[in-house]
Amino acid sequence: FTLSDRPRYANGTPLTLEISLAGNVTPSLGVSSKILTLLSNGAPVLNYSGLIATDASGAELKSWMELQGSNLLLHVDDQKAQYPVTVDPYVTTFKLSTPDSAAGDDFGYAVAFNKDYAVIGAPYNNNTTGAVYLFSNPTATTTKYTAKLTASNGVAGDGFGAAVAIGPDDTVVVGAPFVNSFAGAAYTYVKPGGGFKTTSAYTTELTAYDGTSGDALGYSVAVGAHVILVGVPGYQNFIGSSVIYPNPPGIGSDPYYNARLVDPTGVGGDSLGW
């Protein structure tokens with residue numbers, strides 16, 4: 001919400017936005033007065049949180065929530081504010097986590113989704129070997145993942161899951177840019193007939209026949225209906241590049257990309273493909 005001018009007749013009271021709540025849900029306001037949770041049959045279905053208000057100078061203004069019956073009030077102390085003022089809460093419909101995650105895993109470091117799956121990277125899982133979790137059509141807060149993907153040849157320090165992507169055909173691509181002294185790799189997982197299950201058996205390990213230590217291939221990944229694009233930001237002293245492989249991918253190891261994309265005007269430090 002952005003208000004261009006101070007409301008008239010404020011009389012020194014806080015700026016207040018009133019939102020009517022409706023539907024078969026029960027609102028619950030957290031003790032910090034910053035998080036509103038909507039419950040259905042006792043289970044959270046939506047969080048209205050992260051309330052922040054700023055004025056024209058970028059200064060953060062004191063803000064808080066209040067429940068009055070079926071109405072949510074957003075209060076902002078705007079006495080010293082320079083208008084326009086922006087009030088910006090965000091909505092979280094559910095929270096995904098895993099029962100086997102630990103502090104430092106960086107679960108959520110990379111995320112991707114399509115109509116079938118949410119794909120979440122945890123590159124520091126298992127002493128930085130890394131892992132990727134798939135959730136099939138999540139609709140509520142859950143710790144029950146559909147599949148956990150790892151690499152059978154993975155070792156500590158690989159950073160598997162630093163980048164993730166999923167295509168329209170549900171092919172999953174996972175970046176592991178620290179493999180082999182930061183030469184990097186990307187792994188593909190083609191969905192089996194019965195759907196994804198926890199596995200370390202990847203379909204293809206994508207590398208580059210001309211790759212060298214420090215290339216960091218796999219720092220970013222993307223996948224479309226016909227191609228897989230992998231970023232190589234460390235290429236040639238961090239000028240950077242991206243390489244293209246076919247989709248569907250081959251099976252086993254594939255160091256032969258179809259094309260390498262570079263910037264002919266690039267200089268060291270550009271890190272194209274980051």
# chains A, B, ... in the order shown; residues from 1 in each chain; ligands from 1
>>> residues_around(residues="Ile228 in chain A", least_positions_apart="5", cutoff="7 Å", atoms="only C-alpha atoms", output="PDB file with N, CA and C atoms, in the first residue's frame")
ATOM      1  N   ALA A 222      19.243 -23.532 -15.809  1.00  0.00           N
ATOM      2  CA  ALA A 222      17.880 -23.330 -16.294  1.00  0.00           C
ATOM      3  C   ALA A 222      17.569 -24.463 -17.259  1.00  0.00           C
ATOM      4  N   VAL A 223      16.290 -24.792 -17.404  1.00  0.00           N
ATOM      5  CA  VAL A 223      15.905 -25.873 -18.304  1.00  0.00           C
ATOM      6  C   VAL A 223      14.591 -25.527 -18.980  1.00  0.00           C
ATOM      7  N   ILE A 244      25.254 -24.829 -23.298  1.00  0.00           N
ATOM      8  CA  ILE A 244      23.943 -25.382 -23.624  1.00  0.00           C
ATOM      9  C   ILE A 244      24.060 -26.869 -23.902  1.00  0.00           C
ATOM     10  N   TYR A 245      23.175 -27.639 -23.272  1.00  0.00           N
ATOM     11  CA  TYR A 245      23.069 -29.085 -23.490  1.00  0.00           C
ATOM     12  C   TYR A 245      21.651 -29.378 -23.954  1.00  0.00           C
ATOM     13  N   PRO A 246      21.445 -30.528 -24.610  1.00  0.00           N
ATOM     14  CA  PRO A 246      20.089 -30.854 -25.060  1.00  0.00           C
ATOM     15  C   PRO A 246      19.210 -31.346 -23.920  1.00  0.00           C
ATOM     16  N   ASN A 247      17.935 -31.126 -24.061  1.00  0.00           N
ATOM     17  CA  ASN A 247      16.934 -31.717 -23.180  1.00  0.00           C
ATOM     18  C   ASN A 247      15.892 -32.401 -24.070  1.00  0.00           C
TER      19      ASN A 247
END
>>> atom_distance(atom1="CA of Gly130 in chain A", atom2="CA of Tyr209 in chain A")
23.9 Å
>>> closest_residue(among="A:Val173, A:Pro168, A:Thr54, A:Asn24", to="Ser40 in chain A", atoms="only C-alpha atoms")
A:Asn24
>>> select_by_dssp(residues="range 26-265 of chain A", states="helix (DSSP H, G or I)", output="PDB file with all heavy atoms, in the first residue's frame")
ATOM      1  N   ASN A 125      24.136 -29.245   3.045  1.00  0.00           N
ATOM      2  CA  ASN A 125      23.709 -30.460   3.727  1.00  0.00           C
ATOM      3  C   ASN A 125      24.836 -31.484   3.730  1.00  0.00           C
ATOM      4  O   ASN A 125      25.608 -31.579   2.772  1.00  0.00           O
ATOM      5  CB  ASN A 125      22.475 -31.021   3.012  1.00  0.00           C
ATOM      6  CG  ASN A 125      21.988 -32.331   3.586  1.00  0.00           C
ATOM      7  OD1 ASN A 125      22.341 -33.394   3.098  1.00  0.00           O
ATOM      8  ND2 ASN A 125      21.164 -32.263   4.613  1.00  0.00           N
ATOM      9  N   ASN A 126      24.934 -32.252   4.815  1.00  0.00           N
ATOM     10  CA  ASN A 126      25.912 -33.335   4.899  1.00  0.00           C
ATOM     11  C   ASN A 126      27.328 -32.838   4.615  1.00  0.00           C
ATOM     12  O   ASN A 126      28.012 -33.294   3.694  1.00  0.00           O
ATOM     13  CB  ASN A 126      25.543 -34.469   3.927  1.00  0.00           C
ATOM     14  CG  ASN A 126      26.388 -35.719   4.145  1.00  0.00           C
ATOM     15  OD1 ASN A 126      26.961 -35.925   5.213  1.00  0.00           O
ATOM     16  ND2 ASN A 126      26.467 -36.551   3.119  1.00  0.00           N
ATOM     17  N   ASN A 127      27.748 -31.866   5.420  1.00  0.00           N
ATOM     18  CA  ASN A 127      29.119 -31.348   5.329  1.00  0.00           C
ATOM     19  C   ASN A 127      29.415 -30.782   3.942  1.00  0.00           C
ATOM     20  O   ASN A 127      30.469 -31.041   3.356  1.00  0.00           O
ATOM     21  CB  ASN A 127      30.131 -32.440   5.686  1.00  0.00           C
ATOM     22  CG  ASN A 127      31.512 -31.873   5.950  1.00  0.00           C
ATOM     23  OD1 ASN A 127      31.670 -30.717   6.340  1.00  0.00           O
ATOM     24  ND2 ASN A 127      32.534 -32.695   5.720  1.00  0.00           N
ATOM     25  N   THR A 128      28.486 -30.002   3.423  1.00  0.00           N
ATOM     26  CA  THR A 128      28.584 -29.301   2.139  1.00  0.00           C
ATOM     27  C   THR A 128      28.605 -30.232   0.929  1.00  0.00           C
ATOM     28  O   THR A 128      28.906 -29.801  -0.181  1.00  0.00           O
ATOM     29  CB  THR A 128      29.801 -28.348   2.056  1.00  0.00           C
ATOM     30  OG1 THR A 128      31.013 -29.104   2.037  1.00  0.00           O
ATOM     31  CG2 THR A 128      29.813 -27.375   3.219  1.00  0.00           C
ATOM     32  N   VAL A 179      32.360 -28.870  -7.504  1.00  0.00           N
ATOM     33  CA  VAL A 179      32.880 -30.197  -7.823  1.00  0.00           C
ATOM     34  C   VAL A 179      34.263 -30.085  -8.459  1.00  0.00           C
ATOM     35  O   VAL A 179      34.517 -29.183  -9.274  1.00  0.00           O
ATOM     36  CB  VAL A 179      31.908 -30.921  -8.794  1.00  0.00           C
ATOM     37  CG1 VAL A 179      32.573 -32.108  -9.454  1.00  0.00           C
ATOM     38  CG2 VAL A 179      30.655 -31.369  -8.057  1.00  0.00           C
ATOM     39  N   ASN A 180      35.149 -31.011  -8.091  1.00  0.00           N
ATOM     40  CA  ASN A 180      36.455 -31.121  -8.756  1.00  0.00           C
ATOM     41  C   ASN A 180      37.221 -29.795  -8.748  1.00  0.00           C
ATOM     42  O   ASN A 180      37.545 -29.223  -9.796  1.00  0.00           O
ATOM     43  CB  ASN A 180      36.266 -31.622 -10.192  1.00  0.00           C
ATOM     44  CG  ASN A 180      37.577 -32.042 -10.839  1.00  0.00           C
ATOM     45  OD1 ASN A 180      38.563 -32.322 -10.158  1.00  0.00           O
ATOM     46  ND2 ASN A 180      37.590 -32.076 -12.165  1.00  0.00           N
ATOM     47  N   SER A 181      37.496 -29.313  -7.529  1.00  0.00           N
ATOM     48  CA  SER A 181      38.265 -28.067  -7.361  1.00  0.00           C
ATOM     49  C   SER A 181      37.625 -26.890  -8.097  1.00  0.00           C
ATOM     50  O   SER A 181      38.295 -26.117  -8.789  1.00  0.00           O
ATOM     51  CB  SER A 181      39.706 -28.256  -7.846  1.00  0.00           C
ATOM     52  OG  SER A 181      40.364 -29.260  -7.118  1.00  0.00           O
ATOM     53  N   PHE A 182      36.314 -26.782  -7.948  1.00  0.00           N
ATOM     54  CA  PHE A 182      35.551 -25.655  -8.489  1.00  0.00           C
ATOM     55  C   PHE A 182      35.470 -25.672 -10.012  1.00  0.00           C
ATOM     56  O   PHE A 182      35.090 -24.670 -10.624  1.00  0.00           O
ATOM     57  CB  PHE A 182      36.116 -24.309  -8.009  1.00  0.00           C
ATOM     58  CG  PHE A 182      35.842 -24.017  -6.565  1.00  0.00           C
ATOM     59  CD1 PHE A 182      36.549 -24.667  -5.561  1.00  0.00           C
ATOM     60  CD2 PHE A 182      34.884 -23.096  -6.198  1.00  0.00           C
ATOM     61  CE1 PHE A 182      36.306 -24.408  -4.232  1.00  0.00           C
ATOM     62  CE2 PHE A 182      34.637 -22.818  -4.862  1.00  0.00           C
ATOM     63  CZ  PHE A 182      35.349 -23.482  -3.872  1.00  0.00           C
ATOM     64  N   TYR A 235      34.704 -18.866 -15.943  1.00  0.00           N
ATOM     65  CA  TYR A 235      35.375 -19.149 -17.228  1.00  0.00           C
ATOM     66  C   TYR A 235      36.309 -18.009 -17.625  1.00  0.00           C
ATOM     67  O   TYR A 235      35.948 -16.840 -17.579  1.00  0.00           O
ATOM     68  CB  TYR A 235      34.305 -19.362 -18.294  1.00  0.00           C
ATOM     69  CG  TYR A 235      34.800 -19.637 -19.683  1.00  0.00           C
ATOM     70  CD1 TYR A 235      35.405 -20.847 -20.005  1.00  0.00           C
ATOM     71  CD2 TYR A 235      34.644 -18.688 -20.686  1.00  0.00           C
ATOM     72  CE1 TYR A 235      35.844 -21.099 -21.303  1.00  0.00           C
ATOM     73  CE2 TYR A 235      35.062 -18.935 -21.983  1.00  0.00           C
ATOM     74  CZ  TYR A 235      35.673 -20.139 -22.283  1.00  0.00           C
ATOM     75  OH  TYR A 235      36.099 -20.400 -23.571  1.00  0.00           O
ATOM     76  N   GLN A 236      37.539 -18.385 -17.994  1.00  0.00           N
ATOM     77  CA  GLN A 236      38.554 -17.446 -18.459  1.00  0.00           C
ATOM     78  C   GLN A 236      38.693 -16.232 -17.538  1.00  0.00           C
ATOM     79  O   GLN A 236      38.418 -15.095 -17.906  1.00  0.00           O
ATOM     80  CB  GLN A 236      38.258 -17.004 -19.897  1.00  0.00           C
ATOM     81  CG  GLN A 236      38.461 -18.112 -20.922  1.00  0.00           C
ATOM     82  CD  GLN A 236      38.461 -17.616 -22.347  1.00  0.00           C
ATOM     83  OE1 GLN A 236      38.117 -16.469 -22.633  1.00  0.00           O
ATOM     84  NE2 GLN A 236      38.856 -18.488 -23.274  1.00  0.00           N
ATOM     85  N   ASN A 237      39.163 -16.554 -16.335  1.00  0.00           N
ATOM     86  CA  ASN A 237      39.439 -15.512 -15.341  1.00  0.00           C
ATOM     87  C   ASN A 237      38.218 -14.643 -15.058  1.00  0.00           C
ATOM     88  O   ASN A 237      38.283 -13.429 -14.983  1.00  0.00           O
ATOM     89  CB  ASN A 237      40.615 -14.634 -15.797  1.00  0.00           C
ATOM     90  CG  ASN A 237      41.181 -13.794 -14.667  1.00  0.00           C
ATOM     91  OD1 ASN A 237      41.128 -14.175 -13.496  1.00  0.00           O
ATOM     92  ND2 ASN A 237      41.699 -12.626 -15.002  1.00  0.00           N
ATOM     93  N   PHE A 238      37.067 -15.337 -14.924  1.00  0.00           N
ATOM     94  CA  PHE A 238      35.818 -14.713 -14.525  1.00  0.00           C
ATOM     95  C   PHE A 238      35.258 -13.738 -15.561  1.00  0.00           C
ATOM     96  O   PHE A 238      34.472 -12.855 -15.223  1.00  0.00           O
ATOM     97  CB  PHE A 238      35.948 -14.038 -13.159  1.00  0.00           C
ATOM     98  CG  PHE A 238      36.090 -15.024 -12.029  1.00  0.00           C
ATOM     99  CD1 PHE A 238      37.354 -15.402 -11.588  1.00  0.00           C
ATOM    100  CD2 PHE A 238      34.980 -15.594 -11.445  1.00  0.00           C
ATOM    101  CE1 PHE A 238      37.493 -16.331 -10.573  1.00  0.00           C
ATOM    102  CE2 PHE A 238      35.110 -16.517 -10.426  1.00  0.00           C
ATOM    103  CZ  PHE A 238      36.375 -16.897  -9.993  1.00  0.00           C
TER     104      PHE A 238
END
>>> residues_around(residues="range 213-221 of chain A", least_positions_apart="2", cutoff="6 Å", atoms="only C-alpha atoms", output="list in words")
Ala163, Gly175, Ala176, Pro177, Ser181, Phe182, Ala183, Gly184, Ala185, Ala186, Leu229, Val230, Gly231, Val232, Gly234 and Tyr235 of chain A
>>> residues_around(residues="Leu15 in chain A", least_positions_apart="3", cutoff="9 Å", atoms="only C-alpha atoms", output="VMD selection string")
chain A and resid 6 to 7 10 12 74 to 79
>>> write_last_selection(atoms="C-alpha atoms", output="PDB file, in the first residue's frame")
ATOM      1  CA  ARG A   6      -0.922  12.327   4.982  1.00  0.00           C
ATOM      2  CA  PRO A   7      -4.583  11.576   5.809  1.00  0.00           C
ATOM      3  CA  ALA A  10      -5.211  12.486  11.806  1.00  0.00           C
ATOM      4  CA  GLY A  12      -1.564  12.896  15.883  1.00  0.00           C
ATOM      5  CA  LEU A  74      -2.174  -2.060  10.227  1.00  0.00           C
ATOM      6  CA  HIS A  75      -0.806   0.808  12.338  1.00  0.00           C
ATOM      7  CA  VAL A  76       2.097   3.066  11.342  1.00  0.00           C
ATOM      8  CA  ASP A  77       3.653   5.814  13.437  1.00  0.00           C
ATOM      9  CA  ASP A  78       3.847   8.513  10.763  1.00  0.00           C
ATOM     10  CA  GLN A  79       4.270  11.622  12.894  1.00  0.00           C
TER      11      GLN A  79
END
>>> residues_around(residues="Val111 in chain A", least_positions_apart="3", cutoff="12 Å", atoms="only C-alpha atoms", output="short mmCIF file (atom, residue, chain, number, x, y, z; two decimals) with all heavy atoms, in the first residue's frame")
data_model
loop_
_atom_site.label_atom_id
_atom_site.label_comp_id
_atom_site.auth_asym_id
_atom_site.auth_seq_id
_atom_site.Cartn_x
_atom_site.Cartn_y
_atom_site.Cartn_z
N LEU A 96 7.71 -24.80 3.96
CA LEU A 96 8.27 -26.11 3.70
C LEU A 96 9.57 -26.27 4.47
O LEU A 96 10.39 -25.36 4.50
CB LEU A 96 8.54 -26.30 2.20
CG LEU A 96 7.37 -26.06 1.25
CD1 LEU A 96 7.80 -26.28 -0.18
CD2 LEU A 96 6.21 -26.98 1.61
N ASP A 106 21.56 -24.62 4.85
CA ASP A 106 21.10 -23.61 3.88
C ASP A 106 19.97 -24.14 3.01
O ASP A 106 19.93 -23.92 1.80
CB ASP A 106 22.26 -23.11 3.02
CG ASP A 106 22.92 -21.88 3.63
OD1 ASP A 106 22.63 -21.59 4.80
OD2 ASP A 106 23.72 -21.23 2.95
N PHE A 107 19.02 -24.82 3.66
CA PHE A 107 17.81 -25.25 2.98
C PHE A 107 17.08 -24.02 2.46
O PHE A 107 16.78 -23.09 3.21
CB PHE A 107 16.93 -26.02 3.97
CG PHE A 107 15.60 -26.47 3.42
CD1 PHE A 107 15.50 -27.67 2.76
CD2 PHE A 107 14.46 -25.70 3.58
CE1 PHE A 107 14.27 -28.11 2.25
CE2 PHE A 107 13.23 -26.11 3.09
CZ PHE A 107 13.15 -27.33 2.42
N GLY A 108 16.83 -24.00 1.15
CA GLY A 108 16.21 -22.84 0.53
C GLY A 108 17.19 -21.92 -0.15
O GLY A 108 16.81 -20.86 -0.66
N ASN A 114 7.39 -25.75 -10.71
CA ASN A 114 6.48 -25.76 -11.85
C ASN A 114 5.12 -26.20 -11.35
O ASN A 114 4.87 -26.19 -10.12
CB ASN A 114 7.03 -26.61 -13.00
CG ASN A 114 7.09 -28.10 -12.68
OD1 ASN A 114 6.67 -28.54 -11.60
ND2 ASN A 114 7.60 -28.89 -13.61
N TYR A 117 5.90 -29.67 -9.00
CA TYR A 117 6.86 -29.81 -7.90
C TYR A 117 7.43 -28.46 -7.48
O TYR A 117 7.60 -27.55 -8.30
CB TYR A 117 8.04 -30.69 -8.31
CG TYR A 117 7.70 -32.14 -8.57
CD1 TYR A 117 7.43 -32.59 -9.86
CD2 TYR A 117 7.64 -33.07 -7.52
CE1 TYR A 117 7.12 -33.92 -10.11
CE2 TYR A 117 7.33 -34.39 -7.77
CZ TYR A 117 7.07 -34.82 -9.06
OH TYR A 117 6.76 -36.13 -9.30
N ALA A 118 7.76 -28.37 -6.19
CA ALA A 118 8.66 -27.34 -5.68
C ALA A 118 10.00 -28.02 -5.44
O ALA A 118 10.07 -29.10 -4.86
CB ALA A 118 8.11 -26.75 -4.38
N VAL A 119 11.07 -27.39 -5.90
CA VAL A 119 12.42 -27.95 -5.82
C VAL A 119 13.27 -27.02 -4.97
O VAL A 119 13.37 -25.82 -5.27
CB VAL A 119 13.05 -28.11 -7.22
CG1 VAL A 119 14.40 -28.80 -7.13
CG2 VAL A 119 12.12 -28.87 -8.15
N ILE A 120 13.87 -27.55 -3.91
CA ILE A 120 14.58 -26.70 -2.95
C ILE A 120 15.97 -27.26 -2.70
O ILE A 120 16.14 -28.42 -2.33
CB ILE A 120 13.80 -26.61 -1.63
CG1 ILE A 120 12.40 -26.06 -1.90
CG2 ILE A 120 14.55 -25.75 -0.62
CD1 ILE A 120 11.52 -25.96 -0.70
N GLY A 121 16.98 -26.41 -2.91
CA GLY A 121 18.36 -26.81 -2.72
C GLY A 121 18.86 -26.57 -1.30
O GLY A 121 18.46 -25.60 -0.66
N ALA A 122 19.72 -27.45 -0.84
CA ALA A 122 20.37 -27.32 0.47
C ALA A 122 21.85 -27.67 0.26
O ALA A 122 22.30 -28.77 0.60
CB ALA A 122 19.73 -28.24 1.50
N PRO A 123 22.64 -26.75 -0.32
CA PRO A 123 23.99 -27.09 -0.77
C PRO A 123 24.99 -27.39 0.34
O PRO A 123 26.06 -27.93 0.06
CB PRO A 123 24.41 -25.86 -1.57
CG PRO A 123 23.58 -24.75 -1.02
CD PRO A 123 22.27 -25.37 -0.65
N VAL A 132 19.03 -31.94 -2.59
CA VAL A 132 17.89 -31.22 -3.14
C VAL A 132 16.62 -31.96 -2.74
O VAL A 132 16.57 -33.20 -2.80
CB VAL A 132 17.98 -31.12 -4.67
CG1 VAL A 132 16.67 -30.64 -5.28
CG2 VAL A 132 19.11 -30.17 -5.06
N TYR A 133 15.60 -31.21 -2.33
CA TYR A 133 14.34 -31.79 -1.88
C TYR A 133 13.23 -31.40 -2.85
O TYR A 133 13.14 -30.26 -3.29
CB TYR A 133 14.00 -31.29 -0.48
CG TYR A 133 14.99 -31.71 0.57
CD1 TYR A 133 16.15 -30.96 0.80
CD2 TYR A 133 14.79 -32.85 1.35
CE1 TYR A 133 17.08 -31.34 1.77
CE2 TYR A 133 15.70 -33.23 2.31
CZ TYR A 133 16.84 -32.48 2.52
OH TYR A 133 17.76 -32.86 3.47
N LEU A 134 12.37 -32.36 -3.15
CA LEU A 134 11.22 -32.14 -4.01
C LEU A 134 9.94 -32.30 -3.19
O LEU A 134 9.80 -33.26 -2.43
CB LEU A 134 11.18 -33.13 -5.17
CG LEU A 134 11.94 -32.74 -6.45
CD1 LEU A 134 13.43 -32.65 -6.18
CD2 LEU A 134 11.67 -33.75 -7.56
N PHE A 135 9.04 -31.35 -3.35
CA PHE A 135 7.72 -31.41 -2.73
C PHE A 135 6.69 -31.42 -3.86
O PHE A 135 6.70 -30.54 -4.71
CB PHE A 135 7.48 -30.20 -1.83
CG PHE A 135 8.40 -30.14 -0.63
CD1 PHE A 135 9.69 -29.65 -0.76
CD2 PHE A 135 7.97 -30.56 0.62
CE1 PHE A 135 10.54 -29.58 0.34
CE2 PHE A 135 8.80 -30.49 1.72
CZ PHE A 135 10.09 -30.01 1.59
N GLY A 161 23.20 -28.48 -5.18
CA GLY A 161 21.98 -27.77 -4.78
C GLY A 161 22.16 -26.28 -4.70
O GLY A 161 21.23 -25.56 -4.32
N ALA A 162 23.34 -25.77 -5.08
CA ALA A 162 23.55 -24.32 -5.09
C ALA A 162 22.68 -23.64 -6.14
O ALA A 162 22.39 -22.44 -6.05
CB ALA A 162 25.01 -24.00 -5.33
N ALA A 163 22.26 -24.41 -7.15
CA ALA A 163 21.33 -23.91 -8.16
C ALA A 163 20.40 -25.05 -8.53
O ALA A 163 20.83 -26.21 -8.59
CB ALA A 163 22.08 -23.41 -9.39
N VAL A 164 19.14 -24.74 -8.79
CA VAL A 164 18.17 -25.77 -9.17
C VAL A 164 17.24 -25.22 -10.24
O VAL A 164 17.00 -24.00 -10.32
CB VAL A 164 17.33 -26.28 -7.98
CG1 VAL A 164 18.21 -26.97 -6.95
CG2 VAL A 164 16.55 -25.13 -7.33
N ALA A 165 16.72 -26.11 -11.06
CA ALA A 165 15.73 -25.74 -12.06
C ALA A 165 14.87 -26.97 -12.35
O ALA A 165 15.32 -28.11 -12.15
CB ALA A 165 16.39 -25.25 -13.35
N ILE A 166 13.66 -26.74 -12.81
CA ILE A 166 12.79 -27.85 -13.21
C ILE A 166 12.06 -27.43 -14.47
O ILE A 166 11.54 -26.31 -14.58
CB ILE A 166 11.81 -28.25 -12.09
CG1 ILE A 166 10.98 -29.48 -12.52
CG2 ILE A 166 10.93 -27.09 -11.65
CD1 ILE A 166 10.22 -30.14 -11.37
N VAL A 172 14.64 -32.32 -13.66
CA VAL A 172 15.28 -31.49 -12.64
C VAL A 172 16.76 -31.35 -12.98
O VAL A 172 17.42 -32.34 -13.31
CB VAL A 172 15.10 -32.10 -11.24
CG1 VAL A 172 15.91 -31.31 -10.20
CG2 VAL A 172 13.63 -32.13 -10.85
N VAL A 173 17.28 -30.14 -12.89
CA VAL A 173 18.70 -29.87 -13.09
C VAL A 173 19.24 -29.24 -11.82
O VAL A 173 18.65 -28.31 -11.27
CB VAL A 173 18.94 -28.94 -14.29
CG1 VAL A 173 20.44 -28.72 -14.50
CG2 VAL A 173 18.31 -29.52 -15.56
N VAL A 174 20.37 -29.78 -11.35
CA VAL A 174 20.96 -29.33 -10.09
C VAL A 174 22.41 -28.90 -10.35
O VAL A 174 23.20 -29.66 -10.92
CB VAL A 174 20.94 -30.45 -9.03
CG1 VAL A 174 21.57 -29.96 -7.72
CG2 VAL A 174 19.52 -30.94 -8.80
N GLY A 175 22.75 -27.71 -9.91
CA GLY A 175 24.12 -27.24 -10.04
C GLY A 175 24.95 -27.62 -8.83
O GLY A 175 24.48 -27.59 -7.69
N SER A 220 24.69 -21.47 -11.92
CA SER A 220 23.29 -21.21 -12.23
C SER A 220 22.84 -22.23 -13.26
O SER A 220 23.65 -22.72 -14.05
CB SER A 220 23.08 -19.78 -12.76
OG SER A 220 23.82 -19.58 -13.96
N VAL A 221 21.55 -22.56 -13.25
CA VAL A 221 21.01 -23.53 -14.19
C VAL A 221 19.62 -23.12 -14.60
O VAL A 221 18.90 -22.45 -13.85
CB VAL A 221 20.97 -24.97 -13.59
CG1 VAL A 221 22.38 -25.49 -13.33
CG2 VAL A 221 20.14 -25.01 -12.32
N ALA A 222 19.24 -23.53 -15.81
CA ALA A 222 17.88 -23.33 -16.29
C ALA A 222 17.57 -24.46 -17.26
O ALA A 222 18.47 -25.05 -17.85
CB ALA A 222 17.74 -21.98 -16.99
#
>>> atom_distance(atom1="CA of Gly211 in chain A", atom2="CA of Pro255 in chain A")
8.8 Å
>>> atom_distance(atom1="CA of Ser20 in chain A", atom2="CA of Gln82 in chain A")
27.5 Å
>>> select_by_dssp(residues="range 31-209 of chain A", states="strand (DSSP E or B)", output="VMD selection string")
chain A and resid 36 to 40 43 to 49 53 to 54 60 to 61 63 to 68 71 to 76 85 to 87 90 to 92 96 110 to 113 117 to 122 130 to 136 142 147 to 149 160 163 to 166 172 to 176 184 to 189 199 204 to 206
>>> residues_around(residues="range 62-72 of chain A", least_positions_apart="3", cutoff="8 Å", atoms="only C-alpha atoms", output="PDB file with C-alpha atoms, in the first residue's frame")
ATOM      1  CA  GLU A  18      -8.210  -1.481   8.015  1.00  0.00           C
ATOM      2  CA  ILE A  19      -8.543  -4.844   6.242  1.00  0.00           C
ATOM      3  CA  SER A  20     -11.671  -6.953   6.542  1.00  0.00           C
ATOM      4  CA  LEU A  21     -11.072 -10.688   7.047  1.00  0.00           C
ATOM      5  CA  ALA A  22     -13.628 -13.156   5.705  1.00  0.00           C
ATOM      6  CA  LEU A  29      -2.015 -12.559  15.989  1.00  0.00           C
ATOM      7  CA  SER A  33       2.028  -7.958  16.642  1.00  0.00           C
ATOM      8  CA  LYS A  34       3.921  -8.436  13.370  1.00  0.00           C
ATOM      9  CA  ILE A  35       2.572 -11.803  12.208  1.00  0.00           C
ATOM     10  CA  LEU A  36      -1.045 -12.738  11.532  1.00  0.00           C
ATOM     11  CA  LEU A  51       5.165  -5.866   8.108  1.00  0.00           C
ATOM     12  CA  ILE A  52       7.399  -2.920   7.265  1.00  0.00           C
ATOM     13  CA  ALA A  53       6.635   0.722   6.568  1.00  0.00           C
ATOM     14  CA  HIS A  75      -0.806   0.808  12.338  1.00  0.00           C
ATOM     15  CA  VAL A  76       2.097   3.066  11.342  1.00  0.00           C
ATOM     16  CA  ASP A  77       3.653   5.814  13.437  1.00  0.00           C
TER      17      ASP A  77
END
>>> residues_around(residues="Asp100 in chain A", least_positions_apart="2", cutoff="10 Å", atoms="only C-alpha atoms", output="ChimeraX atom specification")
/A:97-98,102,105,125,143
>>> closest_residue(among="A:Lys115, A:His226, A:Lys80, A:Lys148", to="Pro249 in chain A", atoms="only C-alpha atoms")
A:His226
>>> closest_residue(among="A:Lys95, A:Ser136, A:Gly250, A:Gly104", to="Tyr189 in chain A", atoms="only C-alpha atoms")
A:Gly250
